[in-house]
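What follows is the content of entry37.txt, which has compact mmCIF, C-alpha atoms:
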```
# COMPACT_ATOMS: atom_id res chain seq x y z
CA MET A 1 -32.07 -17.39 7.91
CA ALA A 2 -31.86 -13.67 7.12
CA VAL A 3 -30.10 -12.63 3.91
CA GLU A 4 -28.37 -9.28 3.43
CA LEU A 5 -27.45 -7.70 0.11
CA LYS A 6 -25.59 -4.47 -0.49
CA ILE A 7 -27.46 -2.31 -2.98
CA ARG A 8 -26.81 1.05 -4.62
CA ASP A 9 -29.02 3.67 -6.22
CA ILE A 10 -27.47 3.94 -9.68
CA ARG A 11 -28.54 7.57 -10.06
CA THR A 12 -27.17 8.90 -6.77
CA GLY A 13 -24.52 6.39 -5.76
CA ASN A 14 -26.12 6.02 -2.31
CA ALA A 15 -25.49 2.52 -0.97
CA GLN A 16 -27.32 0.62 1.73
CA VAL A 17 -27.97 -2.93 2.90
CA ALA A 18 -31.27 -4.63 2.04
CA GLU A 19 -32.35 -7.40 4.42
CA PHE A 20 -34.62 -10.32 3.59
CA GLU A 21 -36.07 -12.97 5.88
CA ASN A 22 -34.75 -15.86 3.78
CA ILE A 23 -33.14 -16.82 0.49
CA ASP A 24 -36.53 -17.27 -1.23
CA ASP A 25 -37.58 -13.70 -0.41
CA ALA A 26 -34.25 -12.38 -1.67
CA GLU A 27 -34.62 -14.36 -4.90
CA ALA A 28 -38.16 -13.09 -5.50
CA TRP A 29 -37.04 -9.48 -4.89
CA LEU A 30 -34.11 -9.87 -7.29
CA ARG A 31 -36.38 -11.14 -10.07
CA GLU A 32 -38.41 -7.92 -9.72
CA ARG A 33 -35.45 -5.72 -8.81
CA PRO A 34 -36.66 -2.09 -8.53
CA PRO A 35 -35.61 0.24 -11.34
CA PHE A 36 -32.20 1.90 -10.98
CA VAL A 37 -31.20 -0.27 -8.03
CA GLU A 38 -27.88 -2.03 -8.52
CA VAL A 39 -27.11 -5.14 -6.45
CA LEU A 40 -23.48 -5.24 -5.33
CA GLY A 41 -23.65 -8.60 -3.55
CA PRO A 42 -23.33 -9.70 0.09
CA PRO A 43 -21.86 -7.05 2.41
CA ARG A 44 -19.32 -9.56 3.71
CA HIS A 45 -17.41 -12.31 1.91
CA GLY A 46 -18.82 -15.72 2.77
CA ALA A 47 -22.01 -14.29 4.32
CA ILE A 48 -24.06 -16.34 1.84
CA ALA A 49 -23.31 -19.94 0.86
CA ALA A 50 -21.73 -20.20 -2.59
CA LYS A 51 -24.64 -22.19 -4.08
CA ASP A 52 -27.17 -19.66 -2.74
CA GLU A 53 -25.09 -16.75 -4.01
CA MET A 54 -25.06 -18.33 -7.48
CA ARG A 55 -28.82 -18.85 -7.27
CA LEU A 56 -29.38 -15.20 -6.41
CA ARG A 57 -27.05 -14.04 -9.17
CA ASP A 58 -28.98 -16.09 -11.73
CA ALA A 59 -32.30 -14.74 -10.48
CA MET A 60 -31.38 -11.06 -10.73
CA ARG A 61 -33.19 -9.01 -13.38
CA PRO A 62 -30.53 -7.65 -15.79
CA LEU A 63 -30.02 -3.91 -16.08
CA ASP A 64 -31.97 -2.39 -18.93
CA GLU A 65 -30.52 0.17 -21.35
CA GLN A 66 -31.45 3.20 -19.25
CA GLU A 67 -30.03 1.60 -16.11
CA ARG A 68 -26.76 0.71 -17.86
CA ALA A 69 -26.41 4.32 -19.06
CA ALA A 70 -27.07 5.58 -15.51
CA GLN A 71 -24.58 3.05 -14.15
CA THR A 72 -21.89 4.28 -16.55
CA LYS A 73 -22.47 7.88 -15.44
CA GLN A 74 -22.37 6.90 -11.78
CA ASP A 75 -19.17 4.91 -12.29
CA GLU A 76 -17.63 8.00 -13.90
CA ARG A 77 -18.70 10.13 -10.91
CA ASP A 78 -17.24 7.54 -8.52
CA ALA A 79 -13.95 7.53 -10.45
CA GLU A 80 -13.82 11.33 -10.40
CA ALA A 81 -14.48 11.37 -6.65
CA MET A 82 -11.68 8.84 -6.11
CA ARG A 83 -9.30 10.92 -8.23
CA ASN A 84 -10.16 13.98 -6.13
CA ILE A 85 -9.54 12.07 -2.90
CA LEU A 86 -6.17 10.79 -4.15
CA SER A 87 -5.20 14.26 -5.36
CA ALA A 88 -6.08 15.78 -1.97
CA GLN A 89 -4.05 13.08 -0.20
CA GLN A 90 -1.05 13.73 -2.46
CA ASP A 91 -1.31 17.48 -1.82
CA ARG A 92 -1.46 16.87 1.92
CA MET A 93 1.55 14.53 1.80
CA LYS A 94 3.48 17.11 -0.25
CA GLN A 95 2.68 19.83 2.30
CA GLU A 96 3.72 17.55 5.18
CA MET A 97 7.01 16.75 3.44
CA GLU A 98 7.71 20.44 2.84
CA ALA A 99 6.97 21.17 6.49
CA ARG A 100 9.33 18.36 7.57
CA ARG A 101 12.02 19.54 5.14
CA GLU A 102 11.75 23.05 6.62
CA ALA A 103 11.91 21.63 10.14
CA VAL A 104 15.18 19.75 9.54
CA LYS A 105 17.01 22.66 7.93
CA ASP A 106 18.48 23.63 11.28
CA ALA A 107 18.81 20.07 12.60
CA ASP A 108 22.19 18.63 13.66
CA PRO A 109 24.11 17.80 10.45
CA ASN A 110 25.76 14.90 12.28
CA ARG A 111 22.48 13.22 13.22
CA PRO A 112 22.05 9.62 11.99
CA LEU A 113 21.54 8.98 8.28
CA HIS A 114 19.03 6.46 6.94
CA ILE A 115 20.99 4.73 4.21
CA ALA A 116 19.65 2.49 1.44
CA PHE A 117 22.15 -0.05 0.12
CA GLU A 118 21.61 -2.06 -3.06
CA ARG A 119 24.36 -4.21 -4.48
CA GLY A 120 25.87 -2.78 -7.65
CA LYS A 121 24.33 0.65 -7.09
CA GLU A 122 25.46 3.77 -5.31
CA MET A 123 24.41 4.11 -1.70
CA ARG A 124 21.86 6.81 -1.07
CA ASN A 125 20.19 8.71 1.70
CA ALA A 126 16.83 6.92 2.07
CA ASP A 127 15.06 9.89 3.68
CA PRO A 128 13.39 11.95 0.91
CA ILE A 129 13.50 15.15 2.96
CA ASP A 130 17.14 14.82 3.99
CA ASP A 131 19.57 16.36 1.48
CA ARG A 132 22.76 15.25 3.25
CA PRO A 133 25.13 13.08 1.21
CA VAL A 134 26.40 9.70 2.37
CA THR A 135 29.79 10.39 3.94
CA GLU A 136 32.82 8.23 3.20
CA ALA A 137 32.88 7.06 6.83
CA ALA A 138 29.23 6.02 6.58
CA ARG A 139 29.79 4.29 3.23
CA LYS A 140 32.71 2.22 4.54
CA ALA A 141 30.75 1.27 7.66
CA VAL A 142 27.79 0.06 5.60
CA LEU A 143 30.05 -2.01 3.31
CA ALA A 144 31.65 -3.62 6.37
CA TRP A 145 28.19 -4.28 7.86
CA VAL A 146 27.02 -5.91 4.61
CA ALA A 147 30.22 -7.95 4.27
CA GLU A 148 29.74 -9.33 7.78
CA ARG A 149 26.16 -10.37 6.99
CA ASP A 150 27.34 -11.98 3.77
CA THR A 151 29.31 -14.38 5.98
CA TRP A 152 26.14 -15.19 7.92
CA VAL A 153 24.27 -16.41 4.82
CA HIS A 154 27.19 -17.63 2.69
CA ALA A 155 26.82 -21.22 3.89
CA ARG A 156 23.29 -21.26 2.43
CA GLY A 157 24.59 -20.08 -0.96
CA GLN A 158 23.15 -16.59 -0.46
CA TYR A 159 24.37 -13.01 -0.21
CA VAL A 160 23.00 -9.63 0.92
CA ASN A 161 21.35 -7.91 -2.03
CA ASP A 162 19.91 -4.81 -0.36
CA ALA A 163 19.68 -3.29 3.09
CA GLN A 164 18.34 -0.37 5.11
CA VAL A 165 20.56 0.86 7.91
CA VAL A 166 20.92 3.86 10.20
CA VAL A 167 24.45 5.24 10.38
CA TRP A 168 26.25 8.07 12.14
CA PRO A 169 27.80 10.11 9.26
CA GLY A 170 30.30 12.02 11.38
CA PRO A 171 31.27 11.97 15.05
CA ILE A 172 29.90 8.99 16.98
CA PRO A 173 28.42 9.84 20.41
CA SER A 174 30.14 6.86 22.06
CA GLY A 175 33.42 7.57 20.28
CA ASN A 176 33.57 3.89 19.32
CA GLU A 177 33.76 3.18 15.57
CA GLU A 178 31.94 -0.12 16.15
CA ASP A 179 28.83 1.91 17.06
CA ARG A 180 28.73 3.82 13.75
CA VAL A 181 26.01 1.54 12.34
CA GLU A 182 23.08 1.38 14.72
CA GLN A 183 21.43 -1.89 15.65
CA GLY A 184 18.23 -2.90 13.88
CA GLY A 185 19.36 -2.73 10.25
CA GLN A 186 17.37 -4.89 7.84
CA PHE A 187 18.54 -6.76 4.77
CA ASN A 188 17.31 -9.06 2.00
CA VAL A 189 19.26 -11.88 0.41
CA LEU A 190 19.52 -13.51 -3.00
CA ALA A 191 20.84 -16.95 -3.93
CA GLY A 192 24.05 -17.25 -5.91
CA THR A 193 27.57 -15.89 -5.94
CA ALA A 194 27.84 -12.43 -4.45
CA PRO A 195 29.02 -9.66 -6.79
CA GLU A 196 31.91 -7.70 -5.32
CA LEU A 197 31.12 -4.84 -2.99
CA ASN A 198 32.15 -1.39 -4.22
```
Reformat the file's structure so that it appears as structure tokens.
Amino acid sequence: MAVELKIRDIRTGNAQVAEFENIDDAEAWLRERPPFVEVLGPPRHGAIAAKDEMRLRDAMRPLDEQERAAQTKQDERDAEAMRNILSAQQDRMKQEMEARREAVKDADPNRPLHIAFERGKEMRNADPIDDRPVTEAARKAVLAWVAERDTWVHARGQYVNDAQVVVWPGPIPSGNEEDRVEQGGQFNVLAGTAPELN
């Protein structure tokens, strides 16, 4: 049965998969592991039986001093590359948020608000690019929505701890106050006696 091992050139970071005809060939290669080749293990979890994987691990020639030094340098290069990738992603996300913030400047001020509710804390607009405050009408509607759901879970000794809801902050298109909170709100519960809503 063929055996695959993921290997990496310690000096360059280039990784590839080495294939062997059977476990014995893989073991023999590991005992004489070429210089500056790091063995990272099977390319897929469970690809090699646990007892065979242990056997191969025990057979592997340890890294010598030069290889360990090269490995440390390569790990540092890998970490630096990852930091650069994360930094680029953060920059891109920041640019996208700025573009979205600019795009909503002229949007309808009465469009729905995404509101985050957490018991004992002040309600807030959950959209980071939306600067609109939570209106009093929206706040009262969310409290009523939460209070209703408290009754749903009260029999189980629970209460609504936090929620995410979409609310019309001003005029409601249908004109019906019951439609102020849109369907699809989500909430999480905690066990115990519910602190008062405020």
Name the closest residue to A:Arg156 among the candidates A:Ala138, A:Leu5, A:Ala191, A:Ile172; distances are taken between atoms, counting all atoms listed in the file.
A:Ala191
Check which residues of stretch 26-136 of chain A sit at most 6 Å from stretch 165-170 of chain A using all atoms listed in the file, and return one row each with the closest pair of atoms and their distance in Å to one decimal, ordered by chain and rising number, as JSON lines.
```
{"residue": "A:Asn110", "atom": "CA", "partner": "A:Gly170", "partner_atom": "CA", "distance": 5.5}
{"residue": "A:Pro112", "atom": "CA", "partner": "A:Trp168", "partner_atom": "CA", "distance": 4.5}
{"residue": "A:Leu113", "atom": "CA", "partner": "A:Val167", "partner_atom": "CA", "distance": 5.2}
{"residue": "A:His114", "atom": "CA", "partner": "A:Val166", "partner_atom": "CA", "distance": 4.6}
{"residue": "A:Ile115", "atom": "CA", "partner": "A:Val165", "partner_atom": "CA", "distance": 5.4}
{"residue": "A:Thr135", "atom": "CA", "partner": "A:Pro169", "partner_atom": "CA", "distance": 5.7}
```
Please build the interface table for stretch 62-108 of chain A against stretch 35-56 of chain A with a cut-off of 10 Å, listing for each qualifying residue the nearest atom pair and the distance in Å to one decimal; count all atoms listed in the file, order rows by chain and increasing number, and write it as JSON lines.
```
{"residue": "A:Pro62", "atom": "CA", "partner": "A:Glu38", "partner_atom": "CA", "distance": 9.6}
{"residue": "A:Leu63", "atom": "CA", "partner": "A:Phe36", "partner_atom": "CA", "distance": 8.0}
{"residue": "A:Asp64", "atom": "CA", "partner": "A:Pro35", "partner_atom": "CA", "distance": 8.8}
{"residue": "A:Gln66", "atom": "CA", "partner": "A:Phe36", "partner_atom": "CA", "distance": 8.4}
{"residue": "A:Glu67", "atom": "CA", "partner": "A:Phe36", "partner_atom": "CA", "distance": 5.6}
{"residue": "A:Arg68", "atom": "CA", "partner": "A:Phe36", "partner_atom": "CA", "distance": 8.9}
{"residue": "A:Ala70", "atom": "CA", "partner": "A:Phe36", "partner_atom": "CA", "distance": 7.8}
{"residue": "A:Gln71", "atom": "CA", "partner": "A:Glu38", "partner_atom": "CA", "distance": 8.3}
```
Shortest interatomic distance to A:Asp78 - which of A:Arg149, A:Arg92, A:Arg11, A:Arg180, counting all atoms listed in the file:
A:Arg11
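Distance-wise, atom CA of A:Asp75 and atom CA of A:Thr12 end up 10.5 Å apart.
The smallest atom-to-atom distance between A:Gly157 and any of A:Thr193, A:Arg132, A:Lys140, A:Val3, using all atoms listed in the file, is found for A:Thr193.
Ranking A:Ala137, A:Ala116, A:Met1, A:Ala69 by their shortest atom-to-atom distance to A:Pro171, with all atoms listed in the file included, puts A:Ala137 first.
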Using all atoms listed in the file, collect all residues at a distance of at most 8 Å from (-34.5, -12.5, -12.8) as written in the file, then present them as a ChimeraX atom specification.
/A:30-33,58-62
Would you put the residues from that selection into a file with C-alpha atoms, as a short mmCIF file (atom, residue, chain, number, x, y, z; two decimals), keeping the file's coordinate frame?
```cif
data_model
loop_
_atom_site.label_atom_id
_atom_site.label_comp_id
_atom_site.auth_asym_id
_atom_site.auth_seq_id
_atom_site.Cartn_x
_atom_site.Cartn_y
_atom_site.Cartn_z
CA LEU A 30 -34.11 -9.87 -7.29
CA ARG A 31 -36.38 -11.14 -10.07
CA GLU A 32 -38.41 -7.92 -9.72
CA ARG A 33 -35.45 -5.72 -8.81
CA ASP A 58 -28.98 -16.09 -11.73
CA ALA A 59 -32.30 -14.74 -10.48
CA MET A 60 -31.38 -11.06 -10.73
CA ARG A 61 -33.19 -9.01 -13.38
CA PRO A 62 -30.53 -7.65 -15.79
#
```
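Atom CA of A:Ala141 sits 14.5 Å away from atom CA of A:Glu118.
Residue nearest A:Asp24, chosen from A:Leu197, A:Met82, A:Ile10, A:Ala2 and counting all atoms listed in the file: A:Ala2.
Taking only C-alpha atoms into account, those protein, DNA and RNA residues with any atom at most 7 Å away from (20.4, 16.2, 7.2) amount to Val104, Ala107, Pro109, Asp130, Asp131 and Arg132 of chain A.
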As a check of understanding: the span from atom CA of A:Gln186 to atom CA of A:Gln164 is 5.4 Å
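For A:Gly120, the set of protein, DNA and RNA residues having any atom at most 10 Å away, when counting only C-alpha atoms and skipping those fewer than 4 positions along the same chain, is Asn161, Asp162, Pro195, Glu196, Leu197 and Asn198 of chain A.
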Between A:Phe20, A:Val189, A:Glu182, A:Arg101, smallest distance to A:Thr151 by only C-alpha atoms belongs to A:Val189
Final N, CA, C and O atoms of stretch 155-176 of chain A as a tab-separated table (two decimals), keeping the file's coordinate frame:
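Contents of selection.tsv, freshly written:
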```tsv
chain	number	residue	atom	x	y	z
A	155	ALA	N	26.93	-19.76	3.83
A	155	ALA	CA	26.82	-21.22	3.89
A	155	ALA	C	25.55	-21.73	3.21
A	155	ALA	O	25.49	-22.89	2.80
A	156	ARG	N	24.55	-20.88	3.10
A	156	ARG	CA	23.29	-21.26	2.43
A	156	ARG	C	23.32	-20.90	0.94
A	156	ARG	O	22.30	-20.99	0.26
A	157	GLY	N	24.48	-20.45	0.45
A	157	GLY	CA	24.59	-20.08	-0.96
A	157	GLY	C	23.89	-18.78	-1.28
A	157	GLY	O	23.38	-18.58	-2.38
A	158	GLN	N	23.85	-17.86	-0.29
A	158	GLN	CA	23.15	-16.59	-0.46
A	158	GLN	C	24.10	-15.42	-0.19
A	158	GLN	O	25.21	-15.60	0.33
A	159	TYR	N	23.63	-14.23	-0.52
A	159	TYR	CA	24.37	-13.01	-0.21
A	159	TYR	C	23.38	-11.86	0.00
A	159	TYR	O	22.23	-11.94	-0.42
A	160	VAL	N	23.84	-10.81	0.67
A	160	VAL	CA	23.00	-9.63	0.92
A	160	VAL	C	22.85	-8.86	-0.38
A	160	VAL	O	23.84	-8.44	-0.98
A	161	ASN	N	21.61	-8.66	-0.79
A	161	ASN	CA	21.35	-7.91	-2.03
A	161	ASN	C	21.04	-6.45	-1.74
A	161	ASN	O	21.47	-5.56	-2.46
A	162	ASP	N	20.24	-6.20	-0.70
A	162	ASP	CA	19.91	-4.81	-0.36
A	162	ASP	C	19.69	-4.71	1.14
A	162	ASP	O	19.43	-5.71	1.81
A	163	ALA	N	19.80	-3.49	1.64
A	163	ALA	CA	19.68	-3.29	3.09
A	163	ALA	C	19.25	-1.85	3.39
A	163	ALA	O	19.42	-0.95	2.57
A	164	GLN	N	18.68	-1.69	4.58
A	164	GLN	CA	18.34	-0.37	5.11
A	164	GLN	C	18.99	-0.28	6.48
A	164	GLN	O	18.73	-1.11	7.36
A	165	VAL	N	19.85	0.71	6.65
A	165	VAL	CA	20.56	0.86	7.91
A	165	VAL	C	20.59	2.32	8.35
A	165	VAL	O	20.45	3.23	7.53
A	166	VAL	N	20.79	2.51	9.63
A	166	VAL	CA	20.92	3.86	10.20
A	166	VAL	C	22.37	4.02	10.67
A	166	VAL	O	22.88	3.19	11.42
A	167	VAL	N	23.01	5.07	10.19
A	167	VAL	CA	24.45	5.24	10.38
A	167	VAL	C	24.77	6.66	10.84
A	167	VAL	O	24.19	7.63	10.36
A	168	TRP	N	25.75	6.76	11.75
A	168	TRP	CA	26.25	8.07	12.14
A	168	TRP	C	27.21	8.53	11.04
A	168	TRP	O	28.23	7.87	10.80
A	169	PRO	N	26.95	9.68	10.38
A	169	PRO	CA	27.80	10.11	9.26
A	169	PRO	C	29.09	10.78	9.67
A	169	PRO	O	30.04	10.86	8.89
A	170	GLY	N	29.12	11.30	10.90
A	170	GLY	CA	30.30	12.02	11.38
A	170	GLY	C	30.72	11.50	12.74
A	170	GLY	O	30.88	10.29	12.93
A	171	PRO	N	30.88	12.40	13.71
A	171	PRO	CA	31.27	11.97	15.05
A	171	PRO	C	30.25	11.00	15.65
A	171	PRO	O	29.05	11.14	15.46
A	172	ILE	N	30.75	9.99	16.35
A	172	ILE	CA	29.90	8.99	16.98
A	172	ILE	C	29.79	9.33	18.46
A	172	ILE	O	30.82	9.53	19.13
A	173	PRO	N	28.58	9.43	19.00
A	173	PRO	CA	28.42	9.84	20.41
A	173	PRO	C	29.26	9.01	21.38
A	173	PRO	O	29.84	9.55	22.32
A	174	SER	N	29.37	7.70	21.14
A	174	SER	CA	30.14	6.86	22.06
A	174	SER	C	31.63	6.97	21.82
A	174	SER	O	32.45	6.56	22.65
A	175	GLY	N	32.01	7.50	20.63
A	175	GLY	CA	33.42	7.57	20.28
A	175	GLY	C	33.98	6.25	19.78
A	175	GLY	O	35.15	6.17	19.42
A	176	ASN	N	33.13	5.22	19.74
A	176	ASN	CA	33.57	3.89	19.32
A	176	ASN	C	33.12	3.64	17.88
A	176	ASN	O	31.93	3.65	17.58
```
